[in-house]
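Below: one structure, written as C-alpha cells.
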Amino acid sequence: MTWNNFTLQVTEDSHSDNDRTPVGSQAPSSFGGRDPDLENARDKLPASVVEENHDSHNICQASHDLPPPDGGLTAWLQVLGAHALVMVTWGYSTSFGFFQAHYLSLLPSSTPSAISWIGSMQLFCLLFVGTFSGIALDVGYFRWLMAIGSILLLLGIFMTSLATSYYQLFLAHGVCVGLANGCLFVPTSAVVTSYFTTRRGIAIGLMACGAGTGGILFPAIILKLLPRLGFPTTIRILGCVVAFLLCVAACLIRPRIRPRRAKGFIDKTVFRDSSFCLFALGMFFLYLALITPFYYISMYARLLLPPRSTSSTPTTLIMVMNAAGIPGRLISARIADKITGPFNSLIPFAFLSSIILFGWIGVKSVPGLFVFVVFYGYTAAAILALFPYTMNSRITPLNRLGVVSGMVYTFVSFALLIGTPIAGGLQQLDADKPGVEIFRNAQIFSGCMALVAGVLMTIARMMMTNGKLIMWI
C-alpha cells in the first residue's frame, strides 16, 4: 500500500468514525478522528499551498520509485565518482606488490608469508566490512560511511609513513586502510548498480577501471619520488592524492534507492537459491588464487634480475599488470552487456586464469614475465569487473542490493585473507630451491584453485538455466 493510498484510507475511516459520533459530543483528536483545530487551520491555507505540498510529496516519492535511468548526466557522474573511489580502494590495494618487497627489505627478519598478511588483511577488511556497510547503505547512512571511511583511510596511510615495526605496519596498512576500504567500496558499487539496467556492465566496467588507474598512478608516484624523498615523505604525498580523490567521490556520488528498514545482517532467502550459493562458492576458490601474482610479481622479478640490481623493473611490472586490466574491464563488460551476459563471460575467464597461472611456472626471463603480466592483468581485471555485475544482476529487488552483496563479499573476503599467506607459506617450503623455483608450489596451488572455481561456476550456470547452453545470463 502506498503512502497516498494509506492517507486516503485513514481519511475515509476518520469520516466514518466522525459520522458515528453522537450529536453534541466532541470528535476525538486521535489517529481515527479529525481534529477541528487542525481542520480549521488547513482550511485557512491558500489552495495553491496545499496543492503544491501534495505535489511535492508525490514527486519526492516518485523519484525513488522510478526505474533506473540507465544513463544521463547524473548516472554517469556516479560512475566517475565511483571510479575515483575504486582508485583509492582496489587501486591502492593491488599496488601492494611494491610494499611486499619494500617491507621485506625494511624488516629482514620477517618472512614473505608474514608480510603478505598485511596485504591480505587489507583486502579481507575491504570485503568483510561489506555486510555492515551494505546494511548501512540500505537504511540511508551512505554519507556516514563516506565520512568514516575517508577519515580511516587517510589515518591509515599517514600512520604507515610513520611505522617502523611489523605490528605498526599491520595495524596501519592492513587493518586501518582495510576497514576504510570496506566502508567505501561495497556501498559505492551498489549505488552505481542502482542507476543502470542495460548499460550496467559498461558502467561497472568503467567504475572498476579505477583499480587499473590507481594501480598505475600510485606505483608511478612511488617510482618517481621514493629514490629522492624516501619512503615516509612519498607515502604522505600518496595520502594527499588519496584525499583529493576522496573529495571528488564525495561531491559526485548520490544514492538513488529510498532507504528501507533494516531486517538484520543476513537475508535468509539467498540460501534458498542453490545456484547462487554455488556461484559464491566458486568465487571463493577463485579469489584464493586471483591476487597472488599481484603481491608476489615484484619478488619474482627480483629473483630474475642480477643480485643487488637497482632496476625499476619490479615496480614497472606492477604498473603494466594494472594497465592491462583497463581494457580487460571495459571489453569484458561491453561483451557481457551486448552479447553473452555477465555469467557467460565470467566462466571462461575463470578457466583462462587457471591456464595462465599454470603457464606462470614456465616463465624464466624478464621479457617472459612482461608477457605473463599483460595476459594475467587483462584476465584478472575482467574477473574483478564481472563478479559484481554477475552477482548484482541476480539480486532483486534493488533495495536488497546492499545486504545481499555485502553477504557475498563477506564470504569471499576470507579467501582474500588466507590466499596470499598460503602462497607465501608454500614458497617457504621450497626456500632451499634455486631462483624462482621457490614459487612452484604456490603457482600450482593458484592454478588448481582457479580451475575448481571454473568447474563450480559452470555447474551453477547450468542450474540457473536448467541445462540450456545458449542463454543470456
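Residues in the C-alpha cells are numbered from 1 in each chain, the chains being A, B, ... in the order shown, and ligands are numbered from 1 in the order shown.
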Alpha helix (DSSP H) call set, DSSP backbone run, segment 51-281 of chain A, as a ChimeraX atom specification: /A:51-65,73-86,92-93,96-106,112-128,130-138,142-160,166-169,177-193,200-229,231-252,274-281
Distance query segment 347-354 of chain A at most 9 Å, only C-alpha atoms, self and fewer than 3 positions along chain excluded, as a PyMOL selection string: chain A and resi 286+289-290+342-344+357-359+375-376+379-380+382-383+446-455+457-458+461
